[in-house]
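Q: model.tsv (TSV, C-alpha atoms) pasted underneath:
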```
chain	number	residue	atom	x	y	z
A	1	MET	CA	-19.23	-132.96	16.61
A	2	ILE	CA	-16.62	-135.42	15.38
A	3	THR	CA	-13.88	-135.91	17.97
A	4	GLU	CA	-10.52	-137.61	17.88
A	5	ALA	CA	-11.78	-140.14	20.43
A	6	TYR	CA	-14.71	-140.94	18.16
A	7	ILE	CA	-12.42	-141.63	15.20
A	8	ARG	CA	-10.10	-143.67	17.39
A	9	GLU	CA	-13.06	-145.82	18.42
A	10	GLU	CA	-14.01	-146.22	14.75
A	11	LEU	CA	-10.48	-147.26	13.84
A	12	LYS	CA	-10.65	-150.06	16.42
A	13	GLN	CA	-12.78	-151.81	13.81
A	14	VAL	CA	-9.83	-151.85	11.40
A	15	LYS	CA	-7.73	-154.96	12.04
A	16	ASP	CA	-4.17	-155.84	11.15
A	17	PRO	CA	-4.52	-157.99	8.01
A	18	GLU	CA	-1.79	-160.36	9.23
A	19	ILE	CA	-3.05	-160.63	12.83
A	20	PRO	CA	-6.80	-160.10	12.54
A	21	THR	CA	-7.39	-160.15	16.31
A	22	ILE	CA	-5.61	-156.81	16.84
A	23	SER	CA	-6.86	-153.41	15.73
A	24	ILE	CA	-4.53	-150.86	14.20
A	25	VAL	CA	-5.22	-148.64	17.21
A	26	ASP	CA	-4.09	-151.29	19.70
A	27	LEU	CA	-1.13	-152.04	17.46
A	28	GLY	CA	-0.07	-148.45	18.06
A	29	ILE	CA	0.34	-147.39	14.45
A	30	VAL	CA	-2.27	-144.62	14.45
A	31	THR	CA	-0.05	-141.68	15.31
A	32	GLY	CA	-2.21	-138.78	14.26
A	33	ILE	CA	-5.88	-137.90	13.77
A	34	LYS	CA	-6.75	-134.45	12.46
A	35	ILE	CA	-10.33	-133.35	12.17
A	36	ASP	CA	-11.56	-130.40	10.16
A	37	ASN	CA	-15.32	-130.17	10.60
A	38	THR	CA	-16.28	-133.59	9.14
A	39	ASP	CA	-13.06	-134.18	7.17
A	40	VAL	CA	-10.62	-136.61	8.74
A	41	HIS	CA	-6.89	-136.99	8.17
A	42	VAL	CA	-5.23	-140.06	9.69
A	43	THR	CA	-1.48	-140.56	10.04
A	44	LEU	CA	-0.08	-144.07	10.32
A	45	THR	CA	3.49	-145.10	11.12
A	46	PRO	CA	4.93	-148.28	9.56
A	47	THR	CA	5.61	-151.25	11.80
A	48	PHE	CA	8.40	-152.56	9.55
A	49	ALA	CA	9.75	-150.63	6.56
A	50	GLY	CA	9.24	-153.68	4.34
A	51	CYS	CA	5.79	-154.58	5.63
A	52	PRO	CA	3.63	-155.46	2.61
A	53	ALA	CA	0.45	-154.71	4.58
A	54	LEU	CA	1.30	-151.00	4.81
A	55	ARG	CA	-0.63	-149.81	1.78
A	56	LEU	CA	-3.40	-152.28	2.44
A	57	MET	CA	-3.91	-150.78	5.90
A	58	GLU	CA	-4.08	-147.26	4.43
A	59	ASP	CA	-6.83	-148.44	2.08
A	60	MET	CA	-8.64	-150.24	4.90
A	61	VAL	CA	-8.72	-147.03	6.97
A	62	VAL	CA	-10.17	-145.04	4.07
A	63	ASP	CA	-12.67	-147.76	3.21
A	64	HIS	CA	-13.84	-148.14	6.78
A	65	LEU	CA	-14.25	-144.43	7.51
A	66	ASN	CA	-16.02	-143.97	4.18
A	67	THR	CA	-18.78	-146.29	5.40
A	68	ASN	CA	-19.59	-143.74	8.12
A	69	ASN	CA	-21.93	-141.18	6.60
A	70	LYS	CA	-21.24	-138.61	9.33
A	71	LEU	CA	-17.77	-138.17	7.92
A	72	GLY	CA	-16.67	-136.07	4.95
A	73	ASN	CA	-13.42	-136.36	3.07
A	74	ILE	CA	-11.05	-139.04	4.39
A	75	SER	CA	-7.29	-138.96	3.80
A	76	VAL	CA	-4.48	-141.15	5.12
A	77	GLU	CA	-0.73	-140.74	5.07
A	78	THR	CA	2.13	-142.87	6.29
A	79	SER	CA	4.87	-141.00	8.10
A	80	PHE	CA	8.03	-141.97	9.94
A	81	GLU	CA	7.76	-138.93	12.21
A	82	THR	CA	6.83	-141.17	15.13
A	83	THR	CA	9.00	-144.28	15.17
A	84	TRP	CA	6.88	-147.32	15.87
A	85	THR	CA	8.14	-149.74	18.49
A	86	THR	CA	6.36	-152.69	20.07
A	87	ASP	CA	6.17	-150.65	23.30
A	88	LEU	CA	3.36	-148.72	21.57
A	89	ILE	CA	1.13	-151.80	21.57
A	90	THR	CA	-1.63	-151.35	24.15
A	91	PRO	CA	-2.43	-153.86	26.94
A	92	GLU	CA	-5.58	-154.79	24.94
A	93	GLY	CA	-3.24	-155.34	21.99
A	94	HIS	CA	-1.17	-157.80	24.01
A	95	VAL	CA	-4.30	-159.79	24.82
A	96	ALA	CA	-5.31	-159.75	21.15
A	97	ILE	CA	-1.89	-160.97	20.02
A	98	LYS	CA	-2.02	-163.83	22.49
A	99	LYS	CA	-5.50	-164.70	21.31
A	100	HIS	CA	-4.02	-165.17	17.85
A	101	GLY	CA	-1.58	-167.74	19.31
A	102	LEU	CA	1.45	-165.45	19.29
A	103	ALA	CA	3.60	-164.55	22.27
A	104	PRO	CA	3.28	-160.78	22.89
A	105	PRO	CA	6.52	-158.77	22.70
A	106	ARG	CA	8.31	-157.87	25.91
A	107	ARG	CA	8.59	-154.20	26.76
A	108	ASN	CA	12.10	-153.25	25.76
A	109	CYS	CA	12.56	-149.46	25.46
A	110	SER	CA	14.18	-150.23	22.07
A	111	ASN	CA	16.94	-152.15	23.81
A	112	ILE	CA	16.80	-155.29	21.72
A	113	SER	CA	19.03	-158.21	22.57
A	114	MET	CA	19.06	-161.96	22.12
A	115	GLU	CA	18.26	-162.18	25.85
A	116	ILE	CA	14.96	-160.37	25.36
A	117	LEU	CA	14.04	-162.76	22.56
A	118	GLU	CA	15.15	-165.78	24.58
A	119	SER	CA	12.91	-164.82	27.48
A	120	THR	CA	9.62	-165.15	25.61
A	121	ASN	CA	6.81	-166.84	27.53
A	122	CYS	CA	4.83	-169.58	25.82
A	123	PRO	CA	1.46	-168.16	24.66
A	124	TYR	CA	-0.23	-171.52	25.34
A	125	CYS	CA	0.93	-172.51	28.83
A	126	ASP	CA	2.70	-169.29	29.94
A	127	SER	CA	5.86	-171.26	30.75
A	128	GLU	CA	9.15	-169.37	30.85
A	129	ASN	CA	10.95	-172.57	29.88
A	130	THR	CA	11.19	-171.82	26.17
A	131	SER	CA	13.93	-171.67	23.53
A	132	MET	CA	14.25	-169.17	20.72
A	133	LYS	CA	14.75	-171.02	17.43
A	134	SER	CA	15.11	-168.10	15.04
A	135	PRO	CA	14.68	-164.34	15.24
A	136	PHE	CA	13.06	-164.50	11.78
A	137	GLY	CA	9.64	-166.02	11.19
A	138	PRO	CA	6.94	-166.30	8.53
A	139	THR	CA	6.31	-162.55	8.55
A	140	LEU	CA	8.69	-159.69	9.38
A	141	CYS	CA	7.11	-159.16	12.80
A	142	ARG	CA	7.45	-162.76	14.06
A	143	SER	CA	10.15	-164.93	15.61
A	144	LEU	CA	10.19	-168.72	16.08
A	145	HIS	CA	10.25	-170.41	19.49
A	146	TYR	CA	9.74	-173.77	21.18
A	147	CYS	CA	8.14	-174.41	24.54
A	148	ASN	CA	10.07	-177.02	26.52
A	149	ASN	CA	7.17	-177.33	28.96
A	150	CYS	CA	4.18	-178.07	26.70
A	151	LYS	CA	6.40	-179.29	23.82
A	152	GLN	CA	4.81	-176.91	21.40
A	153	ALA	CA	6.41	-174.77	18.71
A	154	PHE	CA	5.10	-171.22	18.74
A	155	GLU	CA	5.68	-167.82	17.19
A	156	GLY	CA	6.40	-164.59	19.00
A	157	PHE	CA	5.63	-161.03	18.04
A	158	LYS	CA	9.13	-159.65	17.67
A	159	PRO	CA	10.09	-156.82	20.02
A	160	VAL	CA	11.45	-153.79	18.18
B	1	MET	CA	28.39	-129.75	-5.69
B	2	ASN	CA	25.75	-128.21	-3.41
B	3	SER	CA	24.33	-129.83	-0.30
B	4	ILE	CA	21.24	-131.19	-2.08
B	5	ASP	CA	23.41	-132.97	-4.64
B	6	ALA	CA	25.63	-134.31	-1.85
B	7	LEU	CA	22.57	-135.57	-0.01
B	8	LYS	CA	21.22	-137.24	-3.16
B	9	GLU	CA	24.53	-138.97	-3.72
B	10	LEU	CA	24.40	-140.32	-0.17
B	11	LEU	CA	20.79	-141.47	-0.53
B	12	TYR	CA	21.43	-143.14	-3.87
B	13	LYS	CA	24.32	-145.22	-2.62
B	14	MET	CA	22.41	-146.31	0.48
B	15	ALA	CA	19.23	-147.14	-1.44
B	16	ASP	CA	21.12	-148.99	-4.17
B	17	ASP	CA	23.12	-150.98	-1.61
B	18	GLN	CA	19.86	-152.00	0.09
B	19	LEU	CA	18.16	-152.98	-3.13
B	20	ILE	CA	21.04	-155.05	-4.48
B	21	ILE	CA	21.92	-156.84	-1.23
B	22	GLY	CA	18.19	-157.39	-0.76
B	23	HIS	CA	18.00	-159.08	-4.13
B	24	ARG	CA	21.06	-161.21	-3.37
B	25	ASN	CA	19.57	-162.24	-0.01
B	26	SER	CA	16.38	-163.27	-1.78
B	27	GLU	CA	18.38	-165.72	-3.88
B	28	TRP	CA	18.58	-167.91	-0.77
B	29	THR	CA	14.79	-168.27	-0.69
B	30	GLY	CA	14.12	-171.96	-1.10
B	31	LEU	CA	17.82	-172.82	-1.03
B	32	GLY	CA	18.93	-172.04	2.52
B	33	PRO	CA	20.99	-174.78	4.18
B	34	ILE	CA	18.33	-175.17	6.87
B	35	LEU	CA	14.74	-173.93	6.97
B	36	GLU	CA	15.42	-171.23	9.58
B	37	GLU	CA	18.21	-169.77	7.44
B	38	ASP	CA	16.03	-169.84	4.37
B	39	ILE	CA	13.48	-167.79	6.29
B	40	ALA	CA	16.12	-165.50	7.80
B	41	PHE	CA	17.66	-164.50	4.47
B	42	SER	CA	14.21	-164.09	2.93
B	43	SER	CA	13.09	-161.84	5.80
B	44	MET	CA	16.24	-159.78	5.60
B	45	ALA	CA	15.69	-159.44	1.85
B	46	GLN	CA	12.21	-158.11	2.53
B	47	ASP	CA	13.51	-155.65	5.13
B	48	LYS	CA	16.22	-154.32	2.85
B	49	ILE	CA	14.11	-153.97	-0.26
B	50	GLY	CA	11.44	-152.24	1.84
B	51	GLN	CA	14.05	-149.87	3.26
B	52	SER	CA	15.38	-149.13	-0.22
B	53	GLU	CA	11.91	-148.10	-1.32
B	54	HIS	CA	11.66	-145.57	1.50
B	55	LEU	CA	15.08	-144.17	0.59
B	56	TYR	CA	14.04	-143.88	-3.07
B	57	ASN	CA	10.92	-142.08	-1.84
B	58	LEU	CA	13.15	-139.53	-0.11
B	59	LEU	CA	14.95	-139.04	-3.43
B	60	ASN	CA	11.59	-138.65	-5.13
B	61	GLN	CA	10.78	-135.83	-2.70
B	62	LEU	CA	14.03	-134.19	-3.80
B	63	GLY	CA	12.94	-134.25	-7.44
B	64	GLU	CA	14.18	-137.65	-8.65
B	65	ALA	CA	11.89	-140.10	-10.46
B	66	ASP	CA	9.56	-142.37	-8.46
B	67	ALA	CA	10.86	-145.45	-6.63
B	68	ASP	CA	9.87	-148.07	-9.21
B	69	THR	CA	11.30	-146.11	-12.13
B	70	VAL	CA	14.56	-145.54	-10.31
B	71	ALA	CA	14.81	-149.14	-9.09
B	72	PHE	CA	13.79	-150.88	-12.30
B	73	THR	CA	14.85	-148.80	-15.28
B	74	ARG	CA	18.52	-147.97	-14.71
B	75	ASN	CA	21.48	-149.83	-16.15
B	76	ALA	CA	24.40	-151.07	-14.08
B	77	ASN	CA	26.52	-148.00	-14.74
B	78	GLN	CA	23.81	-145.82	-13.16
B	79	PHE	CA	23.88	-147.73	-9.87
B	80	HIS	CA	25.83	-146.42	-6.88
B	81	SER	CA	25.95	-149.64	-4.91
B	82	SER	CA	29.25	-150.96	-3.59
B	83	LYS	CA	30.88	-153.85	-5.41
B	84	LEU	CA	30.56	-156.00	-2.29
B	85	VAL	CA	26.78	-156.27	-2.56
B	86	GLU	CA	26.66	-157.28	-6.22
B	87	LEU	CA	28.90	-160.33	-5.80
B	88	PRO	CA	27.06	-163.63	-6.33
B	89	ILE	CA	25.86	-165.39	-3.19
B	90	GLY	CA	28.67	-167.94	-3.47
B	91	ASP	CA	28.73	-170.63	-0.85
B	92	TYR	CA	27.00	-170.06	2.45
B	93	SER	CA	30.14	-168.97	4.26
B	94	PHE	CA	30.59	-166.09	1.81
B	95	SER	CA	26.97	-164.97	2.11
B	96	LEU	CA	27.28	-165.02	5.90
B	97	ILE	CA	30.53	-163.10	5.97
B	98	ARG	CA	29.23	-160.50	3.53
B	99	HIS	CA	26.06	-160.23	5.61
B	100	PHE	CA	28.20	-159.67	8.72
B	101	LEU	CA	30.55	-157.10	7.15
B	102	PHE	CA	27.86	-155.21	5.27
B	103	ASP	CA	25.17	-155.21	7.94
B	104	PHE	CA	27.46	-153.93	10.67
B	105	SER	CA	28.39	-151.05	8.36
B	106	GLU	CA	24.71	-150.33	7.83
B	107	TYR	CA	23.88	-150.66	11.48
B	108	LEU	CA	26.50	-148.04	12.31
B	109	ARG	CA	25.52	-145.87	9.33
B	110	PHE	CA	21.88	-145.69	10.40
B	111	GLU	CA	22.87	-145.30	14.03
B	112	ALA	CA	24.78	-142.16	13.05
B	113	LEU	CA	22.09	-140.93	10.68
B	114	ARG	CA	19.48	-141.00	13.44
B	115	SER	CA	20.78	-137.56	14.35
B	116	SER	CA	21.16	-136.28	10.78
B	117	ALA	CA	20.33	-132.62	10.26
B	118	TYR	CA	18.22	-133.77	7.33
B	119	GLU	CA	15.14	-134.66	9.35
B	120	PRO	CA	13.39	-137.02	6.87
B	121	LEU	CA	16.56	-139.11	6.75
B	122	ALA	CA	16.89	-139.06	10.55
B	123	GLN	CA	13.31	-140.34	10.84
B	124	VAL	CA	13.72	-143.33	8.54
B	125	SER	CA	17.11	-144.11	10.06
B	126	LYS	CA	15.55	-144.50	13.50
B	127	LYS	CA	13.18	-147.04	12.03
B	128	PHE	CA	15.80	-148.93	10.01
B	129	PHE	CA	18.21	-149.01	12.94
B	130	GLY	CA	15.74	-151.06	15.01
B	131	GLU	CA	15.26	-153.51	12.15
B	132	ILE	CA	18.90	-153.94	11.24
B	133	LYS	CA	19.69	-154.78	14.85
B	134	TYR	CA	18.14	-158.17	14.10
B	135	HIS	CA	20.33	-158.57	11.04
B	136	THR	CA	23.54	-157.94	12.95
B	137	MET	CA	22.45	-160.24	15.79
B	138	HIS	CA	21.78	-162.95	13.23
B	139	ALA	CA	25.10	-162.40	11.44
B	140	ASN	CA	27.11	-162.37	14.63
B	141	THR	CA	25.47	-165.53	15.99
B	142	TRP	CA	26.35	-167.52	12.87
B	143	VAL	CA	29.81	-166.10	12.32
B	144	ASN	CA	30.56	-166.97	15.92
B	145	GLN	CA	29.13	-170.45	15.67
B	146	LEU	CA	30.89	-171.36	12.43
B	147	GLY	CA	34.12	-169.47	13.12
B	148	ASN	CA	34.46	-171.44	16.35
B	149	GLY	CA	32.95	-174.60	14.87
B	150	ASN	CA	35.00	-177.43	13.44
B	151	GLU	CA	38.11	-177.22	11.29
B	152	GLU	CA	36.13	-177.17	8.05
B	153	SER	CA	33.66	-174.46	9.09
B	154	HIS	CA	36.48	-172.33	10.47
B	155	ARG	CA	38.51	-172.68	7.28
B	156	LYS	CA	35.57	-171.77	5.05
B	157	MET	CA	34.70	-168.72	7.12
B	158	GLN	CA	38.32	-167.53	7.18
B	159	GLU	CA	38.71	-167.97	3.41
B	160	SER	CA	35.49	-166.07	2.75
B	161	LEU	CA	36.58	-163.31	5.10
B	162	ASN	CA	39.91	-163.01	3.28
B	163	PHE	CA	38.11	-162.80	-0.06
B	164	ALA	CA	35.44	-160.34	1.07
B	165	TRP	CA	37.70	-157.99	3.03
B	166	ASN	CA	38.86	-155.56	0.32
B	167	TYR	CA	35.38	-155.48	-1.14
B	168	ALA	CA	34.01	-154.60	2.29
B	169	LEU	CA	36.52	-151.75	2.61
B	170	GLY	CA	35.06	-150.52	-0.70
B	171	ILE	CA	31.76	-149.76	1.08
B	172	PHE	CA	33.50	-146.69	2.44
B	173	GLU	CA	34.60	-145.23	-0.89
B	174	PRO	CA	34.66	-141.49	-0.24
B	175	GLY	CA	31.91	-139.51	-1.96
B	176	PRO	CA	32.59	-136.35	-4.00
B	177	ALA	CA	31.32	-134.06	-1.24
B	178	GLU	CA	32.07	-135.67	2.10
B	179	ASN	CA	33.01	-132.27	3.55
B	180	ILE	CA	29.60	-130.78	2.74
B	181	LEU	CA	27.78	-133.69	4.41
B	182	VAL	CA	29.99	-133.42	7.46
B	183	ASP	CA	29.89	-129.61	7.68
B	184	GLU	CA	26.12	-129.55	7.44
B	185	TYR	CA	25.69	-132.35	9.99
B	186	ILE	CA	23.91	-134.53	7.44
B	187	PHE	CA	26.31	-137.46	7.86
B	188	ILE	CA	29.54	-138.22	9.73
B	189	GLY	CA	31.32	-139.16	6.49
B	190	GLU	CA	32.66	-142.47	5.16
B	191	GLU	CA	36.05	-142.26	6.87
B	192	SER	CA	34.55	-141.87	10.36
B	193	LEU	CA	32.06	-144.59	9.60
B	194	LYS	CA	34.84	-146.94	8.52
B	195	ASN	CA	36.70	-146.34	11.78
B	196	ARG	CA	33.60	-147.08	13.84
B	197	TRP	CA	33.04	-150.20	11.77
B	198	LEU	CA	36.59	-151.47	12.30
B	199	ASP	CA	36.33	-150.81	16.05
B	200	THR	CA	33.11	-152.82	16.15
B	201	ILE	CA	33.84	-155.82	13.95
B	202	ILE	CA	37.47	-156.58	14.77
B	203	PRO	CA	36.73	-157.66	18.38
B	204	LEU	CA	33.69	-159.65	17.23
B	205	LEU	CA	35.68	-161.48	14.55
B	206	LYS	CA	38.40	-162.19	17.09
B	207	LYS	CA	35.82	-163.75	19.43
B	208	SER	CA	34.70	-165.86	16.49
B	209	GLY	CA	38.24	-167.17	16.04
B	210	LEU	CA	38.72	-165.29	12.77
B	211	THR	CA	41.57	-163.00	11.77
B	212	ILE	CA	41.28	-160.00	9.49
B	213	PRO	CA	43.90	-159.71	6.74
B	214	SER	CA	47.02	-157.78	7.80
B	215	GLU	CA	46.76	-154.06	7.23
B	216	ASP	CA	49.54	-153.88	4.62
B	217	THR	CA	47.39	-156.00	2.28
B	218	TRP	CA	44.31	-153.76	2.53
B	219	LYS	CA	43.33	-152.48	-0.92
B	220	PRO	CA	39.75	-151.18	-0.91
B	221	ILE	CA	37.89	-152.16	-4.08
B	222	TYR	CA	36.28	-148.93	-5.19
B	223	GLY	CA	34.30	-147.95	-8.27
B	224	GLY	CA	30.78	-149.00	-7.31
B	225	ARG	CA	29.83	-145.56	-6.03
B	226	THR	CA	30.60	-143.99	-9.41
B	227	GLY	CA	28.88	-146.65	-11.50
B	228	VAL	CA	31.92	-148.80	-12.28
B	229	HIS	CA	30.76	-152.33	-11.57
B	230	SER	CA	31.85	-155.91	-12.07
B	231	GLU	CA	30.25	-158.17	-14.67
B	232	ASN	CA	27.93	-159.41	-11.90
B	233	LEU	CA	25.58	-156.44	-11.65
B	234	GLN	CA	23.96	-156.22	-15.10
B	235	PRO	CA	22.71	-159.86	-15.11
B	236	LEU	CA	21.31	-159.31	-11.61
B	237	LEU	CA	19.41	-156.23	-12.82
B	238	GLU	CA	18.10	-158.11	-15.83
B	239	GLU	CA	16.78	-160.87	-13.63
B	240	MET	CA	15.34	-158.44	-11.07
B	241	THR	CA	13.48	-156.42	-13.71
B	242	GLU	CA	12.39	-159.34	-15.87
B	243	VAL	CA	8.73	-159.14	-14.85
B	244	TYR	CA	8.63	-155.34	-14.69
B	245	SER	CA	10.05	-155.08	-18.21
B	246	ILE	CA	7.22	-157.16	-19.69
B	247	ASP	CA	4.87	-154.24	-19.05
B	248	PRO	CA	6.35	-151.24	-17.21
B	249	SER	CA	2.96	-149.49	-17.16
B	250	ALA	CA	1.20	-152.38	-15.37
B	251	ASP	CA	-0.50	-151.50	-12.10
B	252	TRP	CA	0.31	-153.91	-9.27
```
Please, can you express the file's structure as structure tokens?

A:
Amino acid sequence: MITEAYIREELKQVKDPEIPTISIVDLGIVTGIKIDNTDVHVTLTPTFAGCPALRLMEDMVVDHLNTNNKLGNISVETSFETTWTTDLITPEGHVAIKKHGLAPPRRNCSNISMEILESTNCPYCDSENTSMKSPFGPTLCRSLHYCNNCKQAFEGFKPV
Amino acid sequence: MNSIDALKELLYKMADDQLIIGHRNSEWTGLGPILEEDIAFSSMAQDKIGQSEHLYNLLNQLGEADADTVAFTRNANQFHSSKLVELPIGDYSFSLIRHFLFDFSEYLRFEALRSSAYEPLAQVSKKFFGEIKYHTMHANTWVNQLGNGNEESHRKMQESLNFAWNYALGIFEPGPAENILVDEYIFIGEESLKNRWLDTIIPLLKKSGLTIPSEDTWKPIYGGRTGVHSENLQPLLEEMTEVYSIDPSADW
């Protein structure tokens, strides 16, 4: 029998195209899995409304599940019903983000302030002695920082 | 006007505002005064154009044409955006002041819409609210820094504020069915939103050393919501749709 846990495990193989160390499950965007016999319906929630990877990730989910011959019809939808925040990223997700050289987002309960951004630890040396250079980075989900300890510029995964 | 028409009117003006300000923001790509600002305006452009698409999708669910058709095939007189957002980017002080005035209005608009009785709108508003928080933080940081900067930066910011003010008041041009939106708990209405906006921005501008024009000179510049635009909008649309118009049936 196909279970939700089984599909969730499968979806751990699908990585964020912009941060390939993290799976979409650990990123917290898989908000619904419905199973009808062997048919699977997956619901994703967007990280950022303007994220260009949104449709790509829908296709990646379909493509990946289609490679599994135990499964029947696969469908994916994107819905705003669950609002994504960085608090939905799993502890494994935090490790994966750091592995990619990005500072993981602080837990924030959607209480975003400059202070939260300022207090980002360096992903290389873990120092707290860092400065936020810009809340906007090369992709919508990143901010720019500088570590005063190891003298290294780094990017953070923006808390939202 | 029934409540569906009132809702569509609200969605159109929000989506059009987002699309047009998004396009204007994107005009700073490659031209920002410093690299971080170049990136900031480009990121905000991406946020806003992405948000507009989701709002057009809500309209599509209510029977309007699909997002691309609506965004790329209308003429200026079919747009419901405020006149503030269509103004050229001007010098950096104007773009920053517009960004400040407009984004605080949006921040408060989506804050209120998070509890809209129209659930699909409430859902996207929760999402947008979290994103726009970054836009207002950015705007406030720079307005503060330059308003309290040197004599030249202060003067430029104050002049841009004076110029932008009546346009900004035009954001809150009352719609044809405010009472329906308010009665059905879809939206708090433009007048309430304007009051929240004034309460929010006046203290922030004061902290930035800037003064809003005296109330007896306030003359909101309306027209945008009913398709009456300045000469600035049509050329913007032509540039924005230049590639699309080459082959509207192309699959991207």

Q: Kindly give the distance, in Å, that separates atom CA of Gln46 of chain B and atom CA of Leu88 of chain A, rounded to a single decimal.

A: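 Separation of atom CA of Gln46 of chain B and atom CA of Leu88 of chain A: 23.0 Å.
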
Q: Could you produce a table of the residues of chain A lying within 12 Å of chain B, with the nearest pair of atoms per residue and their separation in Å rounded to one decimal, using all atoms listed in the file, ordered by chain and increasing residue number, as CSV?

A:
```
residue,atom,partner,partner_atom,distance
A:Thr45,CA,B:Lys127,CA,9.9
A:Pro46,CA,B:Lys127,CA,8.7
A:Thr47,CA,B:Lys127,CA,8.7
A:Phe48,CA,B:Glu131,CA,7.4
A:Ala49,CA,B:Gly50,CA,5.3
A:Gly50,CA,B:Gly50,CA,3.6
A:Cys51,CA,B:Gly50,CA,7.2
A:Pro52,CA,B:Gly50,CA,8.5
A:Ala53,CA,B:Gly50,CA,11.6
A:Leu54,CA,B:Gly50,CA,10.6
A:Arg55,CA,B:Trp252,CA,11.8
A:Thr78,CA,B:His54,CA,11.0
A:Ser79,CA,B:Gln123,CA,8.9
A:Phe80,CA,B:Gln123,CA,5.6
A:Glu81,CA,B:Gln123,CA,5.9
A:Thr82,CA,B:Gln123,CA,7.8
A:Thr83,CA,B:Lys127,CA,5.9
A:Trp84,CA,B:Lys127,CA,7.4
A:Thr85,CA,B:Gly130,CA,8.5
A:Thr86,CA,B:Gly130,CA,10.8
A:Asn108,CA,B:Gly130,CA,11.6
A:Cys109,CA,B:Gly130,CA,11.0
A:Ser110,CA,B:Gly130,CA,7.3
A:Asn111,CA,B:Gly130,CA,8.9
A:Ile112,CA,B:Lys133,CA,7.5
A:Ser113,CA,B:Met137,CA,7.9
A:Met114,CA,B:Met137,CA,7.4
A:Glu115,CA,B:Met137,CA,11.1
A:Ile116,CA,B:Tyr134,CA,11.9
A:Leu117,CA,B:Tyr134,CA,10.5
A:Met132,CA,B:Glu36,CA,11.4
A:Lys133,CA,B:Glu36,CA,7.9
A:Ser134,CA,B:Glu36,CA,6.3
A:Pro135,CA,B:Tyr134,CA,7.2
A:Phe136,CA,B:Ala40,CA,5.1
A:Gly137,CA,B:Ile39,CA,6.5
A:Pro138,CA,B:Ile39,CA,7.1
A:Thr139,CA,B:Ser43,CA,7.4
A:Leu140,CA,B:Ser43,CA,6.1
A:Cys141,CA,B:Ser43,CA,9.6
A:Arg142,CA,B:Ser43,CA,10.0
A:Ser143,CA,B:Ala40,CA,9.8
A:Leu144,CA,B:Glu36,CA,8.7
A:His145,CA,B:Glu36,CA,11.2
A:Lys158,CA,B:Tyr134,CA,9.8
A:Pro159,CA,B:Gly130,CA,9.5
A:Val160,CA,B:Gly130,CA,6.0
```

Q: Pick the closest to Ser119 of chain A from A:Ile89, A:Ile97, A:Val30, A:Cys147: which is it, counting all atoms listed in the file?

A: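 Checking each of A:Ile89, A:Ile97, A:Val30, A:Cys147 against Ser119 of chain A, counting all atoms listed in the file, the winner is A:Cys147.
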
Q: Which residues, written as a ChimeraX atom specification, have at least one atom at most 10 Å from Lys207 of chain B, with all atoms listed in the file counted and residues fewer than 2 positions away on the same chain left out?

A: /B:143-144,147-148,201-205,209-211

Q: For Tyr167 of chain B, which residue among B:Thr200, B:Gln145, B:Ser245, B:Ser230 is the nearest when counting all atoms listed in the file?

A: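 The answer is B:Ser230, which sits nearest to Tyr167 of chain B.
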
Q: What is the atom CA of Tyr56 of chain B to atom CA of Phe79 of chain B distance in Å?

A: 12.6 Å

Q: In terms of the shortest atom-to-atom distance over all atoms listed in the file, which of B:Ile188, B:Ile212, B:Leu169, B:Leu10 is closest to Arg114 of chain B?

A: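 Of B:Ile188, B:Ile212, B:Leu169, B:Leu10, the one nearest Arg114 of chain B, counting all atoms listed in the file, is B:Ile188.
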
Q: So how far away is atom CA of Leu237 of chain B from atom CA of Gly90 of chain B, in Å?

A: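 Computing it gives 17.6 Å between the two atoms.
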
Q: Find the spatial neighbours of Ala117 of chain B, counting only C-alpha atoms, within a cut-off of 8 Å - ignore same-chain residues fewer than 3 positions away - and output them as a list in words.

A: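 Once the nearby chain positions are removed, what remains is Ala122, Glu184, Tyr185 and Ile186 of chain B.
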
Q: For Lys15 of chain A, list every protein, DNA or RNA residue within 9 Å, evaluated using all atoms listed in the file, and leave out those in the same chain fewer than 3 positions away; present the list as a list in words.

A: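 Here the answer would be Leu11, Lys12, Glu18, Ile19, Pro20, Thr21, Ile22, Ser23, Ile24, Val25, Met57 and Met60 of chain A.
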
Q: With only C-alpha atoms as the counted atoms, please give the residues lying no more than 12 Å from Arg8 of chain A, apart from itself and same-chain residues fewer than 3 positions off, as a list in words.

A: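 After dropping sequence-adjacent residues, the list is Ile2, Thr3, Glu4, Ala5, Leu11, Lys12, Gln13, Val14, Ser23, Ile24, Val25, Asp26, Gly28, Ile29, Val30, Thr31, Gly32, Ile33, Lys34, Ile35, Val40, His41, Val42, Thr43, Val61 and Leu65 of chain A.
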
Q: Please list as a PyMOL selection string every residue within 9 Å of Lys99 of chain A, counting all atoms listed in the file and excluding residues in the same chain fewer than 3 positions away.

A: chain A and resi 21+94-96+102+123

Q: Which residue is closest to Asn60 of chain B? Choose from B:Leu233, B:Ala76, B:Leu96, B:Leu11 and count all atoms listed in the file.

A: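 Answer, going by the shortest atom-to-atom distance: B:Leu11.
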
Q: Counting only C-alpha atoms, which of A:Asn73, A:His64, A:Ala153, A:Pro91 gets nearest to Glu9 of chain A?

A: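 Checking each candidate against Glu9 of chain A, we get A:His64 as the closest.
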
Q: Under the rule that all atoms listed in the file are counted, which of A:Gly72, A:Gly101, A:Gly156, A:Gly93 is the nearest residue to Ser131 of chain A?

A: A:Gly156
